[in-house]
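First up is the structure itself, then whatever we jot down about it.
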Amino acid sequence: TGVLANFASRLAAGNAPTIFEDGEQKRDFVHVRDVARAFRLALESPRAAGEVLNVGSGQSYSICGVARLLAGAMGAPQV
């Protein structure tokens with residue numbers, strides 16, 4: 001979604017992240033390394049041929065929560 005890149009860019013510039021609505025909507029964030037691993041495993045498994053697969057971490061985070069975590073990791077003021 002690019003939300004982390006957008007938040008990081010704004011935080012690096014000294015601005016608060018832009019959060020729409022109340023920010024309590026939840027998302028499952030997945031590291032690109034995990035997505036690449038899922039692709040590799042699907043390519044290696046004959047059972048995956050023609051199937052639709054979802055890749056997720058199984059943990060949901062609110063948008064506001066992610067903004068706070070990122071701000072903390074970047075040493076930016078809390079949002």
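As shown in the structure tokens, the chain order sets the letters A, B, ...; within each chain, residues go from 1, and ligands are also counted from 1 in the order they appear.
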Among chain A, which residues carry a DSSP assignment of strand (DSSP E or B), reported as an MDAnalysis selection string? chainID A and resid 26:27 61:62
Okay, now the selection with N, CA, C and O atoms, as a tab-separated table (two decimals), in the first residue's frame?
chain	number	residue	atom	x	y	z
A	26	LYS	N	-7.77	-1.53	10.55
A	26	LYS	CA	-6.65	-2.45	10.75
A	26	LYS	C	-6.20	-3.06	9.43
A	26	LYS	O	-7.00	-3.28	8.53
A	27	ARG	N	-4.92	-3.32	9.36
A	27	ARG	CA	-4.30	-3.96	8.20
A	27	ARG	C	-3.31	-5.01	8.68
A	27	ARG	O	-2.78	-4.92	9.77
A	61	TYR	N	-2.76	-4.60	12.62
A	61	TYR	CA	-2.31	-3.39	13.31
A	61	TYR	C	-3.17	-2.23	12.85
A	61	TYR	O	-3.47	-2.12	11.65
A	62	SER	N	-3.52	-1.35	13.77
A	62	SER	CA	-4.25	-0.16	13.37
A	62	SER	C	-3.29	0.79	12.67
A	62	SER	O	-2.08	0.77	12.92
Any idea what's packed within 12 Å of segment 36-38 of chain A, counting only C-alpha atoms, ignoring anything in its chain fewer than 2 positions away? Could you give it as a list in words? Val30, His31, Val32, Arg33, Asp34, Arg40, Leu41, Ala42, Leu43, Glu44, Ser45, Ala48, Leu53, Asn54, Val55, Gly56 and Ser57 of chain A
Taking all heavy atoms for each residue, export the selection above as a compact mmCIF listing (two decimals), in the first residue's frame.
# COMPACT_ATOMS: atom_id res chain seq x y z
N VAL A 30 2.87 -7.13 5.76
CA VAL A 30 3.73 -8.27 5.46
C VAL A 30 5.05 -7.75 4.90
O VAL A 30 5.07 -6.86 4.06
CB VAL A 30 3.05 -9.19 4.40
CG1 VAL A 30 3.92 -10.39 4.10
CG2 VAL A 30 1.69 -9.63 4.87
N HIS A 31 6.14 -8.32 5.37
CA HIS A 31 7.46 -7.94 4.87
C HIS A 31 7.65 -8.52 3.47
O HIS A 31 7.23 -9.64 3.19
CB HIS A 31 8.55 -8.45 5.81
CG HIS A 31 9.88 -7.83 5.56
ND1 HIS A 31 10.70 -8.27 4.56
CD2 HIS A 31 10.51 -6.80 6.17
CE1 HIS A 31 11.80 -7.53 4.56
NE2 HIS A 31 11.71 -6.64 5.52
N VAL A 32 8.30 -7.77 2.62
CA VAL A 32 8.52 -8.19 1.24
C VAL A 32 9.28 -9.52 1.17
O VAL A 32 9.06 -10.33 0.27
CB VAL A 32 9.23 -7.08 0.43
CG1 VAL A 32 10.64 -6.86 0.92
CG2 VAL A 32 9.21 -7.40 -1.05
N ARG A 33 10.14 -9.77 2.13
CA ARG A 33 10.88 -11.04 2.17
C ARG A 33 9.91 -12.21 2.33
O ARG A 33 10.09 -13.27 1.73
CB ARG A 33 11.89 -11.01 3.32
CG ARG A 33 13.07 -11.91 3.11
CD ARG A 33 14.13 -11.72 4.18
NE ARG A 33 14.58 -10.34 4.24
CZ ARG A 33 14.88 -9.69 5.37
NH1 ARG A 33 14.80 -10.29 6.53
NH2 ARG A 33 15.27 -8.44 5.35
N ASP A 34 8.88 -12.02 3.15
CA ASP A 34 7.88 -13.07 3.35
C ASP A 34 7.04 -13.30 2.10
O ASP A 34 6.66 -14.42 1.78
CB ASP A 34 6.99 -12.74 4.55
CG ASP A 34 7.77 -12.69 5.85
OD1 ASP A 34 8.71 -13.50 6.00
OD2 ASP A 34 7.46 -11.85 6.69
N ARG A 40 8.03 -18.16 -3.94
CA ARG A 40 8.94 -19.27 -4.23
C ARG A 40 8.28 -20.60 -3.86
O ARG A 40 8.31 -21.57 -4.63
CB ARG A 40 10.25 -19.11 -3.49
CG ARG A 40 11.25 -20.25 -3.78
CD ARG A 40 12.55 -20.09 -3.02
NE ARG A 40 12.40 -19.93 -1.59
CZ ARG A 40 12.20 -20.96 -0.73
NH1 ARG A 40 12.12 -22.19 -1.16
NH2 ARG A 40 12.09 -20.72 0.55
N LEU A 41 7.68 -20.66 -2.68
CA LEU A 41 7.04 -21.89 -2.23
C LEU A 41 5.88 -22.28 -3.16
O LEU A 41 5.69 -23.46 -3.47
CB LEU A 41 6.55 -21.75 -0.80
CG LEU A 41 7.64 -21.67 0.27
CD1 LEU A 41 7.05 -21.31 1.63
CD2 LEU A 41 8.40 -22.98 0.34
N ALA A 42 5.12 -21.28 -3.61
CA ALA A 42 4.01 -21.57 -4.52
C ALA A 42 4.52 -22.09 -5.86
O ALA A 42 3.93 -23.01 -6.44
CB ALA A 42 3.17 -20.32 -4.72
N LEU A 43 5.62 -21.52 -6.34
CA LEU A 43 6.18 -21.98 -7.61
C LEU A 43 6.72 -23.40 -7.51
O LEU A 43 6.71 -24.15 -8.48
CB LEU A 43 7.30 -21.04 -8.07
CG LEU A 43 6.83 -19.70 -8.60
CD1 LEU A 43 8.03 -18.76 -8.77
CD2 LEU A 43 6.10 -19.87 -9.91
N GLU A 44 7.18 -23.79 -6.32
CA GLU A 44 7.75 -25.12 -6.13
C GLU A 44 6.71 -26.18 -5.83
O GLU A 44 7.02 -27.37 -5.85
CB GLU A 44 8.78 -25.07 -4.99
CG GLU A 44 10.02 -24.26 -5.32
CD GLU A 44 10.94 -24.09 -4.12
OE1 GLU A 44 10.57 -24.48 -2.99
OE2 GLU A 44 12.04 -23.54 -4.32
N SER A 45 5.48 -25.77 -5.53
CA SER A 45 4.45 -26.73 -5.14
C SER A 45 3.45 -26.97 -6.29
O SER A 45 2.74 -26.04 -6.68
CB SER A 45 3.68 -26.22 -3.92
OG SER A 45 2.58 -27.07 -3.64
N ALA A 48 -0.16 -25.74 -5.82
CA ALA A 48 -0.48 -24.31 -5.88
C ALA A 48 -0.86 -23.86 -7.29
O ALA A 48 -1.42 -22.78 -7.46
CB ALA A 48 0.69 -23.49 -5.37
N LEU A 53 -3.85 -17.52 -3.80
CA LEU A 53 -3.27 -17.60 -2.46
C LEU A 53 -3.18 -16.21 -1.85
O LEU A 53 -2.80 -15.26 -2.53
CB LEU A 53 -1.88 -18.22 -2.52
CG LEU A 53 -1.79 -19.59 -3.19
CD1 LEU A 53 -0.36 -19.99 -3.41
CD2 LEU A 53 -2.54 -20.62 -2.38
N ASN A 54 -3.53 -16.10 -0.59
CA ASN A 54 -3.35 -14.86 0.16
C ASN A 54 -2.12 -14.99 1.02
O ASN A 54 -1.89 -16.03 1.63
CB ASN A 54 -4.57 -14.59 1.05
CG ASN A 54 -5.79 -14.22 0.25
OD1 ASN A 54 -5.71 -13.40 -0.65
ND2 ASN A 54 -6.91 -14.83 0.56
N VAL A 55 -1.35 -13.93 1.09
CA VAL A 55 -0.16 -13.92 1.92
C VAL A 55 -0.36 -12.89 3.01
O VAL A 55 -0.69 -11.74 2.72
CB VAL A 55 1.09 -13.56 1.08
CG1 VAL A 55 2.33 -13.51 1.96
CG2 VAL A 55 1.26 -14.55 -0.05
N GLY A 56 -0.21 -13.28 4.24
CA GLY A 56 -0.38 -12.37 5.36
C GLY A 56 0.43 -12.82 6.56
O GLY A 56 0.90 -13.96 6.62
N SER A 57 0.59 -11.92 7.51
CA SER A 57 1.34 -12.25 8.72
C SER A 57 0.44 -12.88 9.78
O SER A 57 0.92 -13.54 10.68
CB SER A 57 1.98 -10.99 9.30
OG SER A 57 0.99 -10.15 9.85
List the spatial neighbours of Arg10 of chain A as a PyMOL selection string - criterion: any atom at most 12 Å away, only C-alpha atoms, same-chain residues fewer than 6 positions off excluded. chain A and resi 3-4+16-19+67+70-71+74+76-77+79
Those same residues - N, CA and C atoms - I'd like them written as a PDB file, in the first residue's frame.
ATOM      1  N   VAL A   3       1.829   2.784   2.567  1.00  0.00           N
ATOM      2  CA  VAL A   3       1.506   3.633   3.718  1.00  0.00           C
ATOM      3  C   VAL A   3       2.740   3.887   4.579  1.00  0.00           C
ATOM      4  N   LEU A   4       3.581   2.896   4.768  1.00  0.00           N
ATOM      5  CA  LEU A   4       4.780   3.093   5.589  1.00  0.00           C
ATOM      6  C   LEU A   4       5.747   4.061   4.928  1.00  0.00           C
ATOM      7  N   ALA A  16       3.619  15.389  10.669  1.00  0.00           N
ATOM      8  CA  ALA A  16       2.854  14.242  11.144  1.00  0.00           C
ATOM      9  C   ALA A  16       2.339  13.446   9.945  1.00  0.00           C
ATOM     10  N   PRO A  17       2.246  12.127  10.074  1.00  0.00           N
ATOM     11  CA  PRO A  17       1.689  11.324   8.985  1.00  0.00           C
ATOM     12  C   PRO A  17       0.237  11.730   8.715  1.00  0.00           C
ATOM     13  N   THR A  18      -0.159  11.642   7.468  1.00  0.00           N
ATOM     14  CA  THR A  18      -1.553  11.895   7.112  1.00  0.00           C
ATOM     15  C   THR A  18      -2.340  10.621   7.368  1.00  0.00           C
ATOM     16  N   ILE A  19      -3.298  10.710   8.269  1.00  0.00           N
ATOM     17  CA  ILE A  19      -4.120   9.552   8.634  1.00  0.00           C
ATOM     18  C   ILE A  19      -5.572   9.900   8.331  1.00  0.00           C
ATOM     19  N   ALA A  67       1.677   4.100  12.753  1.00  0.00           N
ATOM     20  CA  ALA A  67       2.285   5.438  12.713  1.00  0.00           C
ATOM     21  C   ALA A  67       3.091   5.689  13.986  1.00  0.00           C
ATOM     22  N   LEU A  70       6.320   3.526  13.901  1.00  0.00           N
ATOM     23  CA  LEU A  70       7.286   4.062  12.948  1.00  0.00           C
ATOM     24  C   LEU A  70       7.923   5.343  13.480  1.00  0.00           C
ATOM     25  N   ALA A  71       7.102   6.212  14.059  1.00  0.00           N
ATOM     26  CA  ALA A  71       7.638   7.453  14.638  1.00  0.00           C
ATOM     27  C   ALA A  71       8.671   7.138  15.719  1.00  0.00           C
ATOM     28  N   MET A  74      11.879   5.926  14.206  1.00  0.00           N
ATOM     29  CA  MET A  74      12.607   6.986  13.516  1.00  0.00           C
ATOM     30  C   MET A  74      13.053   8.096  14.460  1.00  0.00           C
ATOM     31  N   ALA A  76      11.132  10.194  15.871  1.00  0.00           N
ATOM     32  CA  ALA A  76      10.293  11.374  15.630  1.00  0.00           C
ATOM     33  C   ALA A  76       9.341  11.575  16.803  1.00  0.00           C
ATOM     34  N   PRO A  77       8.826  12.783  16.970  1.00  0.00           N
ATOM     35  CA  PRO A  77       7.832  13.011  18.031  1.00  0.00           C
ATOM     36  C   PRO A  77       6.632  12.077  17.850  1.00  0.00           C
ATOM     37  N   VAL A  79       3.006  10.658  17.413  1.00  0.00           N
ATOM     38  CA  VAL A  79       1.858  11.162  16.640  1.00  0.00           C
ATOM     39  C   VAL A  79       0.569  10.818  17.352  1.00  0.00           C
TER      40      VAL A  79
END
In segment 4-79 of chain A, what's helix (DSSP H, G or I) per DSSP? Answer as a PyMOL selection string? chain A and resi 4-12+32-44+46-48+63-74
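One finds atom CA of Phe29 of chain A at 18.0 Å from atom CA of Ser9 of chain A.
Here atom CA of Leu69 of chain A stands at a distance of 11.8 Å from atom CA of Leu11 of chain A.
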